[in-house]
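*Asks:* So that we are looking at the same thing, I have put the structure below in structure tokens.
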Amino acid sequence: MEGATEDLKAERPNWLENFLGTALILVASLLTVGLKVPFENELIYLTLLRHRADPTYLPGDWTFSAGFEEFFVWLNVFGPLTDVFGIEAVAWAGRLLTWAAIGWALLAIGRRLGARPLYSAIGVVLWLGLSQSMGVGATRVISEFQARSVSYALLLGALALALDKKVPWALLASGLAFAFHPGVGIWGSSALVISLLVLRETRFQSLRWIWLPALAALPGVIPQLLSFLEANMSAGDARFLALQKIPFHTDPFSFGVRGPVLLVLMLAFNLAFAWRWRTEFAHRLLGILQVVGLIPVALGVIARVLGISSFLVLLPFRILPALAPILFLLNLAALASRRRLRELWPAGQPTRASLVPAVTGLLAIVGLLVIWNPVVGLASQVRENVQVARSPVSDVERTLAFVADQTPNDAVVLGPPARDDLFYLSERSQYVSWSAIPYDRIPEWRARLEDVMPSGFFASGFRSTRIWEEEFAKVPQDQLAVLPIDYVVTKAVYDFPAVFAVGDWTVYEVAGT
């Protein structure tokens with residue numbers, strides 16, 4: 001066993017191959033995740049970051065007035081930097097650093113499996129083309145700059161360190177991953193720690209240093225725990241979140257068929273591959289890690305069948321659906337090396353030990369080509385990303401820019417609640433936001449949403465932003481007149497005084513009318 005492991009360690013690539021592999025991952029991440037800042041989720045997370053750092057920004061805003069303690073460490077580490085360098089500079093630096101760290105970790109993991117860096121980098125690029133979790137849990141490890149991107153970088157770094165048997169450092173990194181985003185840590189960090197405790201090579205050191213991840217996680221765990229104790233989330237609130245607000249994260253019945261089928265094929269190959277090379281520590285660790293990671297996924301499916309939404313809101317599909325595809329691609333990258341392929345298929349003849357990984361691997365590759373082609377997915381993401389970066393300023397963006405420039409700093413604005421860009425572009429407090437969830441005040445948040453949408457709107461399931469805008473325009477004027485707001489941004493026609501209009505969008509002044 002040790003001999004095989006040392007052979008892999010001797011296959012360290014030169015710095016140029018590592019550099020080219022990391023550069024390829026960075027370019028692919030840029031083209032698929034975002035060519036501009038802010039992009040998608042950053043519209044909310046950068047607003048939160050700026051609000052925490054600058055008390056004069058969005059003064060008196062209800063959504064960000066409390067809560068969001070799950071991001072306590074991220075907010076307090078990066079928030080002060082926005083005052084010095086600016087929010088967009090911090091976001092770009094955060095993106096590039098987390099992408100590079102994730103790329104380094106994945107290349108290191110691939111090396112421990114026997115793959116060359118360029119082969120592993122190609123695997124990572126294809127992983128991007130799979131939307132990283134193939135729609136199962138909608139998990140994106142490589143993403144815009146936010147708390148979870150830092151947490152994933154630390155978690156994958158911890159895994160790379162664990163594969164090198166650097167147990168104390170792996171435990172420290174896993175604890176920090178928990179601190180930066182407890183939602184990632186609760187499933188990812190705990191799975192890695194459990195796996196290290198199971199393996200006899202790392203059990204003693206893990207027990208000796210078990211206090212280290214616990215200590216590193218405390219800065220994130222304590223605020224999250226206090227926020228959880230203060231929250232008043234009923235079973236109905238949990239059901240609303242799981243099945244209407246974020247079903248793409250929490251509801252396995254909404255994941256479709258393609259992604260789950262391909263995930264099962266990949267996982268079967270990964271486990272067969274790990275069993276074939278079970279004499280090597282790296283494969284045993286990754287095999288156990290995936291088995292442990294499968295537990296919350298199975299419990300999530302059971303919870304959905306039984307209607308236990310309070311478990312689903314813990315996001316049990318966050319780790320394995322993204323981890324299994326990249327390990328599958330890294331295993332294929334390892335097979336691309338002649339030595340690995342000769343071991344799997346000696347002298348070109350099948351063996352009983354090689355039959356299962358060969359069959360499951362072939363099925364998964366066919367699935368990639370037929371069910372979810374990553375090359376097609378990659379091209380689609382790049383095309384969409386370039387279109388977004390080159391798109392002209394829209395009418396709604398001009399409208400929100402007017403709000404930012406021409407309304408009082410302490411004004412409270414109401415727009416279609418599902419628009420992610422209301423906070424960032426208007427730079428004004430909002431009455432309520434569908435995108436930013438204050439988990440510590442779910443009942444009041446739901447009541448505010450009911451205040452601003454037509455009666456019966458929430459009886460149905462998840463709705464697109466376009467549907468939200470259309471339905472928001474149907475809200476009667478009398479329903480808005482009683483709300484504590486100063487302006488409303490809408491496509492509707494009201495008798496309120498109009499202070500700005502462009503295209504279909506109008507800004508009405510509500511206060512005092």
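Chain labels follow the order of the structure tokens: the first chain is A, the next B, and so on; residue numbering restarts at 1 in every chain, and ligands are counted from 1 in their shown order.
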Running DSSP on the backbone, which parts of stretch 73-229 of chain A land in helix (DSSP H, G or I), as a PyMOL selection string?
*Replies:* chain A and resi 73-85+87-113+117-129+147-163+167-180+182-198+200-208+211-229
*Asks:* Would you pick out the contacts of stretch 32-44 of chain A at 7 Å or less, using only C-alpha atoms, so that residues sharing its chain but fewer than 5 positions from it are not included, and give the list as a VMD selection string?
*Replies:* chain A and resid 88 143 to 146 381 to 382 385 389 420 to 421 424 436
*Asks:* Generate a file of the selected residues that holds C-alpha atoms, formatted as a CSV table (one decimal), in the first residue's frame.
*Replies:*
chain,number,residue,atom,x,y,z
A,88,GLU,CA,-16.1,45.7,-6.9
A,143,SER,CA,-19.1,30.8,-8.3
A,144,GLU,CA,-19.3,34.5,-7.8
A,145,PHE,CA,-17.7,35.9,-4.7
A,146,GLN,CA,-19.7,35.0,-1.6
A,381,GLN,CA,-22.8,29.1,-20.4
A,382,VAL,CA,-20.0,31.0,-22.1
A,385,ASN,CA,-22.2,35.1,-20.0
A,389,ALA,CA,-21.5,41.3,-20.3
A,420,ASP,CA,-31.9,40.6,-7.3
A,421,ASP,CA,-30.6,44.0,-8.5
A,424,TYR,CA,-27.4,47.2,-5.5
A,436,ALA,CA,-32.6,38.0,0.5
*Asks:* Using only C-alpha atoms, find the one residue out of A:Val305, A:Leu294, A:Leu46, A:Val27 that sits nearest to A:Phe317.
*Replies:* A:Leu294
*Asks:* Quick one, how far is atom CA of A:Thr22 from atom CA of A:Gly103?
*Replies:*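 One can read the atom CA of A:Thr22 to atom CA of A:Gly103 distance as 5.7 Å.
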*Asks:* With distances taken over only C-alpha atoms, which residue among A:Phe458, A:Phe72, A:Phe240, A:Phe64 lies nearest A:Val432?
*Replies:*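 Selected residue with least distance to A:Val432: A:Phe64.
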*Asks:* Using only C-alpha atoms, which protein or nucleic acid residues come within 9 Å of A:Val297? Drop anything in the same chain fewer than 6 positions from it, and give the result as a PyMOL selection string.
*Replies:* chain A and resi 316-321
*Asks:* Can those selected residues be exported to a file as a PDB file, in the first residue's frame so that it contains all heavy atoms?
*Replies:*
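The file below, out_33.pdb, is the result:
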ATOM      1  N   PRO A 316     -29.351  19.418   2.561  1.00  0.00           N
ATOM      2  CA  PRO A 316     -28.557  18.180   2.571  1.00  0.00           C
ATOM      3  C   PRO A 316     -27.985  17.782   1.221  1.00  0.00           C
ATOM      4  O   PRO A 316     -27.158  16.865   1.148  1.00  0.00           O
ATOM      5  CB  PRO A 316     -29.573  17.137   3.067  1.00  0.00           C
ATOM      6  CG  PRO A 316     -30.901  17.673   2.640  1.00  0.00           C
ATOM      7  CD  PRO A 316     -30.780  19.161   2.792  1.00  0.00           C
ATOM      8  N   PHE A 317     -28.391  18.469   0.144  1.00  0.00           N
ATOM      9  CA  PHE A 317     -27.894  18.135  -1.197  1.00  0.00           C
ATOM     10  C   PHE A 317     -26.747  19.055  -1.619  1.00  0.00           C
ATOM     11  O   PHE A 317     -26.439  19.163  -2.801  1.00  0.00           O
ATOM     12  CB  PHE A 317     -29.044  18.226  -2.211  1.00  0.00           C
ATOM     13  CG  PHE A 317     -30.249  17.409  -1.838  1.00  0.00           C
ATOM     14  CD1 PHE A 317     -31.364  18.011  -1.276  1.00  0.00           C
ATOM     15  CD2 PHE A 317     -30.253  16.042  -2.012  1.00  0.00           C
ATOM     16  CE1 PHE A 317     -32.476  17.269  -0.915  1.00  0.00           C
ATOM     17  CE2 PHE A 317     -31.364  15.279  -1.660  1.00  0.00           C
ATOM     18  CZ  PHE A 317     -32.471  15.895  -1.109  1.00  0.00           C
ATOM     19  N   ARG A 318     -26.113  19.702  -0.667  1.00  0.00           N
ATOM     20  CA  ARG A 318     -25.127  20.730  -0.989  1.00  0.00           C
ATOM     21  C   ARG A 318     -23.776  20.162  -1.408  1.00  0.00           C
ATOM     22  O   ARG A 318     -23.068  20.766  -2.232  1.00  0.00           O
ATOM     23  CB  ARG A 318     -24.931  21.662   0.215  1.00  0.00           C
ATOM     24  CG  ARG A 318     -24.079  22.869  -0.106  1.00  0.00           C
ATOM     25  CD  ARG A 318     -23.841  23.711   1.130  1.00  0.00           C
ATOM     26  NE  ARG A 318     -24.997  24.470   1.532  1.00  0.00           N
ATOM     27  CZ  ARG A 318     -25.323  25.665   1.034  1.00  0.00           C
ATOM     28  NH1 ARG A 318     -24.602  26.181   0.064  1.00  0.00           N
ATOM     29  NH2 ARG A 318     -26.368  26.308   1.486  1.00  0.00           N
ATOM     30  N   ILE A 319     -23.358  19.009  -0.899  1.00  0.00           N
ATOM     31  CA  ILE A 319     -21.980  18.547  -1.085  1.00  0.00           C
ATOM     32  C   ILE A 319     -21.837  17.449  -2.137  1.00  0.00           C
ATOM     33  O   ILE A 319     -21.180  17.637  -3.163  1.00  0.00           O
ATOM     34  CB  ILE A 319     -21.388  18.076   0.258  1.00  0.00           C
ATOM     35  CG1 ILE A 319     -21.401  19.223   1.274  1.00  0.00           C
ATOM     36  CG2 ILE A 319     -19.954  17.565   0.054  1.00  0.00           C
ATOM     37  CD1 ILE A 319     -20.572  20.419   0.890  1.00  0.00           C
ATOM     38  N   LEU A 320     -22.431  16.293  -1.907  1.00  0.00           N
ATOM     39  CA  LEU A 320     -22.180  15.142  -2.782  1.00  0.00           C
ATOM     40  C   LEU A 320     -22.545  15.386  -4.240  1.00  0.00           C
ATOM     41  O   LEU A 320     -21.785  14.969  -5.135  1.00  0.00           O
ATOM     42  CB  LEU A 320     -22.916  13.908  -2.256  1.00  0.00           C
ATOM     43  CG  LEU A 320     -22.638  12.626  -3.046  1.00  0.00           C
ATOM     44  CD1 LEU A 320     -21.195  12.179  -2.835  1.00  0.00           C
ATOM     45  CD2 LEU A 320     -23.597  11.516  -2.664  1.00  0.00           C
ATOM     46  N   PRO A 321     -23.675  16.024  -4.573  1.00  0.00           N
ATOM     47  CA  PRO A 321     -23.995  16.216  -5.987  1.00  0.00           C
ATOM     48  C   PRO A 321     -22.972  17.031  -6.766  1.00  0.00           C
ATOM     49  O   PRO A 321     -22.933  16.947  -7.990  1.00  0.00           O
ATOM     50  CB  PRO A 321     -25.348  16.946  -5.936  1.00  0.00           C
ATOM     51  CG  PRO A 321     -25.966  16.485  -4.657  1.00  0.00           C
ATOM     52  CD  PRO A 321     -24.811  16.426  -3.700  1.00  0.00           C
TER      53      PRO A 321
END
*Asks:* For A:Ala147, which residue among A:Pro117, A:Gly79, A:Gly110, A:Gly123 is the nearest when counting only C-alpha atoms?
*Replies:* A:Gly79
*Asks:* Restrict the calculation to only C-alpha atoms, then for each residue of stretch 62-159 of chain A with any atom at most 12 Å from an atom of stretch 215-239 of chain A give the closest atom pair and their distance in Å to one decimal, rows by chain and rising residue number, as a Markdown table.
*Replies:*
| residue | atom | partner | partner_atom | distance |
| --- | --- | --- | --- | --- |
| A:Ala66 | CA | A:Ser227 | CA | 9.6 |
| A:Gly67 | CA | A:Ser227 | CA | 6.8 |
| A:Phe68 | CA | A:Ser227 | CA | 8.2 |
| A:Glu69 | CA | A:Gln224 | CA | 5.4 |
| A:Glu70 | CA | A:Gln224 | CA | 5.1 |
| A:Phe71 | CA | A:Gly220 | CA | 7.5 |
| A:Phe72 | CA | A:Gly220 | CA | 6.3 |
| A:Val73 | CA | A:Gly220 | CA | 6.0 |
| A:Trp74 | CA | A:Gly220 | CA | 9.0 |
| A:Leu75 | CA | A:Gly220 | CA | 10.8 |
| A:Asn76 | CA | A:Pro219 | CA | 10.6 |
| A:Val77 | CA | A:Pro219 | CA | 11.4 |
| A:Ala147 | CA | A:Gly220 | CA | 11.2 |
| A:Ser151 | CA | A:Ala217 | CA | 11.2 |
| A:Leu154 | CA | A:Ala216 | CA | 12.0 |
*Asks:* Go through A:Ile371, A:Val141, A:Val359, A:Leu16 and flag the residue nearest A:Leu106, using only C-alpha atoms for the distances.
*Replies:* A:Val141
*Asks:* Can you list, as a list in words, every protein, DNA or RNA residue that comes within 7 Å of A:Thr139 when you count only C-alpha atoms, leaving out same-chain residues fewer than 3 positions away?
*Replies:*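 Final neighbour list, sorted by chain and number: Gln132, Ser133, Arg318 and Ala322 of chain A.
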*Asks:* Taking only C-alpha atoms into account, which of A:Pro443, A:Ile295, A:Ile437, A:Asn18 comes nearest A:Ala115?
*Replies:*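 Between A:Pro443, A:Ile295, A:Ile437, A:Asn18, the residue approaching A:Ala115 most closely is A:Asn18.
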*Asks:* Give the answer as one residue: which of A:Ala108, A:Val488, A:Val125, A:Val150 has the shortest atom-to-atom distance to A:Phe180, using only C-alpha atoms?
*Replies:*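 When distances to A:Phe180 are compared using only C-alpha atoms, the smallest one comes from A:Val150.
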*Asks:* Write out as an mmCIF file with all heavy atoms, in the first residue's frame all residues of stretch 421-498 of chain A that DSSP puts in strand (DSSP E) for this structure's backbone.
*Replies:*
data_model
loop_
_atom_site.group_PDB
_atom_site.id
_atom_site.type_symbol
_atom_site.label_atom_id
_atom_site.label_comp_id
_atom_site.auth_asym_id
_atom_site.auth_seq_id
_atom_site.Cartn_x
_atom_site.Cartn_y
_atom_site.Cartn_z
ATOM 1 N N SER A 429 -32.970 51.450 0.636
ATOM 2 C CA SER A 429 -33.633 50.421 1.430
ATOM 3 C C SER A 429 -34.874 49.929 0.691
ATOM 4 O O SER A 429 -35.543 50.705 0.007
ATOM 5 C CB SER A 429 -34.025 50.976 2.802
ATOM 6 O OG SER A 429 -32.889 51.425 3.505
ATOM 7 N N GLN A 430 -35.173 48.652 0.853
ATOM 8 C CA GLN A 430 -36.340 48.052 0.211
ATOM 9 C C GLN A 430 -37.335 47.603 1.280
ATOM 10 O O GLN A 430 -36.942 47.195 2.376
ATOM 11 C CB GLN A 430 -35.926 46.844 -0.630
ATOM 12 C CG GLN A 430 -34.882 47.142 -1.689
ATOM 13 C CD GLN A 430 -35.389 48.068 -2.771
ATOM 14 O OE1 GLN A 430 -36.520 47.919 -3.243
ATOM 15 N NE2 GLN A 430 -34.559 49.028 -3.183
ATOM 16 N N TYR A 487 -41.249 55.290 -2.396
ATOM 17 C CA TYR A 487 -41.320 55.192 -3.855
ATOM 18 C C TYR A 487 -41.641 53.753 -4.246
ATOM 19 O O TYR A 487 -41.305 52.808 -3.536
ATOM 20 C CB TYR A 487 -39.986 55.597 -4.499
ATOM 21 C CG TYR A 487 -39.568 57.023 -4.217
ATOM 22 C CD1 TYR A 487 -38.784 57.320 -3.102
ATOM 23 C CD2 TYR A 487 -39.955 58.064 -5.057
ATOM 24 C CE1 TYR A 487 -38.408 58.617 -2.821
ATOM 25 C CE2 TYR A 487 -39.585 59.367 -4.788
ATOM 26 C CZ TYR A 487 -38.812 59.642 -3.669
ATOM 27 O OH TYR A 487 -38.448 60.939 -3.398
ATOM 28 N N VAL A 488 -42.262 53.617 -5.414
ATOM 29 C CA VAL A 488 -42.500 52.300 -5.975
ATOM 30 C C VAL A 488 -42.010 52.299 -7.418
ATOM 31 O O VAL A 488 -42.233 53.253 -8.165
ATOM 32 C CB VAL A 488 -43.991 51.885 -5.888
ATOM 33 C CG1 VAL A 488 -44.889 52.847 -6.653
ATOM 34 C CG2 VAL A 488 -44.183 50.463 -6.404
ATOM 35 N N VAL A 489 -41.300 51.233 -7.773
ATOM 36 C CA VAL A 489 -40.778 51.050 -9.131
ATOM 37 C C VAL A 489 -41.571 49.909 -9.758
ATOM 38 O O VAL A 489 -41.536 48.781 -9.274
ATOM 39 C CB VAL A 489 -39.275 50.701 -9.105
ATOM 40 C CG1 VAL A 489 -38.769 50.454 -10.525
ATOM 41 C CG2 VAL A 489 -38.484 51.808 -8.436
ATOM 42 N N THR A 490 -42.290 50.196 -10.849
ATOM 43 C CA THR A 490 -43.227 49.203 -11.365
ATOM 44 C C THR A 490 -43.530 49.450 -12.837
ATOM 45 O O THR A 490 -43.241 50.523 -13.384
ATOM 46 C CB THR A 490 -44.544 49.254 -10.550
ATOM 47 O OG1 THR A 490 -45.453 48.281 -11.057
ATOM 48 C CG2 THR A 490 -45.177 50.632 -10.628
ATOM 49 N N ALA A 498 -45.844 60.528 -10.730
ATOM 50 C CA ALA A 498 -44.729 59.881 -11.417
ATOM 51 C C ALA A 498 -43.534 60.835 -11.444
ATOM 52 O O ALA A 498 -43.655 61.976 -11.899
ATOM 53 C CB ALA A 498 -45.127 59.490 -12.827
#
*Asks:* For atom CA of A:Phe273 and atom CA of A:Gly367, determine how far apart the two atoms are, in Å to one decimal place.
*Replies:*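 For atom CA of A:Phe273 relative to atom CA of A:Gly367, the distance reads 17.5 Å.
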*Asks:* One number please: atom CA of A:Val124 to atom CA of A:Trp187, in Å, one decimal.
*Replies:*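 Calculated distance between atom CA of A:Val124 and atom CA of A:Trp187 is 22.0 Å.
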*Asks:* Which residues are close to A:Leu299, i.e. within 12 Å by only C-alpha atoms, leaving aside same-chain residues fewer than 3 positions away? Reply as an MDAnalysis selection string.
*Replies:* chainID A and resid 250 252 292:296 302:309 311:312 314:317
*Asks:* Write out the residues from the selection above, keeping N, CA, C and O atoms, as an mmCIF file, in the first residue's frame.
*Replies:*
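Generated file (out_25.cif):
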data_model
loop_
_atom_site.group_PDB
_atom_site.id
_atom_site.type_symbol
_atom_site.label_atom_id
_atom_site.label_comp_id
_atom_site.auth_asym_id
_atom_site.auth_seq_id
_atom_site.Cartn_x
_atom_site.Cartn_y
_atom_site.Cartn_z
ATOM 1 N N THR A 250 -33.501 22.310 -2.433
ATOM 2 C CA THR A 250 -33.995 21.482 -1.334
ATOM 3 C C THR A 250 -34.975 20.381 -1.719
ATOM 4 O O THR A 250 -35.161 19.447 -0.934
ATOM 5 N N PRO A 252 -35.911 17.296 -3.861
ATOM 6 C CA PRO A 252 -35.419 16.324 -4.846
ATOM 7 C C PRO A 252 -36.422 16.026 -5.947
ATOM 8 O O PRO A 252 -36.045 15.598 -7.033
ATOM 9 N N VAL A 292 -20.020 8.643 3.150
ATOM 10 C CA VAL A 292 -20.516 9.502 4.233
ATOM 11 C C VAL A 292 -21.349 10.646 3.654
ATOM 12 O O VAL A 292 -22.401 11.013 4.193
ATOM 13 N N GLY A 293 -20.900 11.208 2.540
ATOM 14 C CA GLY A 293 -21.647 12.291 1.904
ATOM 15 C C GLY A 293 -22.984 11.855 1.346
ATOM 16 O O GLY A 293 -23.883 12.681 1.153
ATOM 17 N N LEU A 294 -23.123 10.558 1.087
ATOM 18 C CA LEU A 294 -24.392 10.038 0.569
ATOM 19 C C LEU A 294 -25.477 10.011 1.649
ATOM 20 O O LEU A 294 -26.669 10.060 1.327
ATOM 21 N N ILE A 295 -25.066 9.978 2.916
ATOM 22 C CA ILE A 295 -26.037 9.856 4.008
ATOM 23 C C ILE A 295 -27.019 11.029 4.049
ATOM 24 O O ILE A 295 -28.234 10.829 4.059
ATOM 25 N N PRO A 296 -26.548 12.300 4.076
ATOM 26 C CA PRO A 296 -27.529 13.402 4.089
ATOM 27 C C PRO A 296 -28.383 13.447 2.833
ATOM 28 O O PRO A 296 -29.545 13.867 2.886
ATOM 29 N N ILE A 302 -35.671 10.963 1.947
ATOM 30 C CA ILE A 302 -36.650 10.422 2.907
ATOM 31 C C ILE A 302 -37.456 11.556 3.540
ATOM 32 O O ILE A 302 -38.678 11.460 3.692
ATOM 33 N N ALA A 303 -36.770 12.646 3.895
ATOM 34 C CA ALA A 303 -37.457 13.788 4.510
ATOM 35 C C ALA A 303 -38.482 14.385 3.553
ATOM 36 O O ALA A 303 -39.574 14.792 3.974
ATOM 37 N N ARG A 304 -38.141 14.435 2.269
ATOM 38 C CA ARG A 304 -39.113 14.966 1.294
ATOM 39 C C ARG A 304 -40.341 14.063 1.196
ATOM 40 O O ARG A 304 -41.473 14.544 1.138
ATOM 41 N N VAL A 305 -40.129 12.757 1.171
ATOM 42 C CA VAL A 305 -41.247 11.813 1.087
ATOM 43 C C VAL A 305 -42.140 11.926 2.313
ATOM 44 O O VAL A 305 -43.376 11.889 2.217
ATOM 45 N N LEU A 306 -41.498 12.106 3.484
ATOM 46 C CA LEU A 306 -42.262 12.180 4.738
ATOM 47 C C LEU A 306 -42.757 13.590 5.044
ATOM 48 O O LEU A 306 -43.472 13.796 6.025
ATOM 49 N N GLY A 307 -42.365 14.569 4.240
ATOM 50 C CA GLY A 307 -42.808 15.939 4.459
ATOM 51 C C GLY A 307 -42.111 16.647 5.601
ATOM 52 O O GLY A 307 -42.687 17.561 6.203
ATOM 53 N N ILE A 308 -40.858 16.265 5.897
ATOM 54 C CA ILE A 308 -40.097 16.894 6.990
ATOM 55 C C ILE A 308 -39.275 18.040 6.395
ATOM 56 O O ILE A 308 -38.068 17.924 6.139
ATOM 57 N N SER A 309 -39.903 19.162 6.165
ATOM 58 C CA SER A 309 -39.244 20.288 5.495
ATOM 59 C C SER A 309 -38.177 20.947 6.365
ATOM 60 O O SER A 309 -37.252 21.579 5.850
ATOM 61 N N PHE A 311 -35.846 19.579 7.852
ATOM 62 C CA PHE A 311 -34.553 18.996 7.516
ATOM 63 C C PHE A 311 -34.091 19.471 6.141
ATOM 64 O O PHE A 311 -32.902 19.724 5.927
ATOM 65 N N LEU A 312 -35.014 19.618 5.226
ATOM 66 C CA LEU A 312 -34.655 20.035 3.871
ATOM 67 C C LEU A 312 -34.022 21.422 3.840
ATOM 68 O O LEU A 312 -33.142 21.690 3.016
ATOM 69 N N LEU A 314 -31.950 22.572 5.718
ATOM 70 C CA LEU A 314 -30.533 22.469 6.064
ATOM 71 C C LEU A 314 -29.675 22.154 4.842
ATOM 72 O O LEU A 314 -28.458 22.012 4.951
ATOM 73 N N LEU A 315 -30.311 22.048 3.674
ATOM 74 C CA LEU A 315 -29.625 21.854 2.392
ATOM 75 C C LEU A 315 -28.744 20.595 2.371
ATOM 76 O O LEU A 315 -27.528 20.669 2.173
ATOM 77 N N PRO A 316 -29.351 19.418 2.561
ATOM 78 C CA PRO A 316 -28.557 18.180 2.571
ATOM 79 C C PRO A 316 -27.985 17.782 1.221
ATOM 80 O O PRO A 316 -27.158 16.865 1.148
ATOM 81 N N PHE A 317 -28.391 18.469 0.144
ATOM 82 C CA PHE A 317 -27.894 18.135 -1.197
ATOM 83 C C PHE A 317 -26.747 19.055 -1.619
ATOM 84 O O PHE A 317 -26.439 19.163 -2.801
#
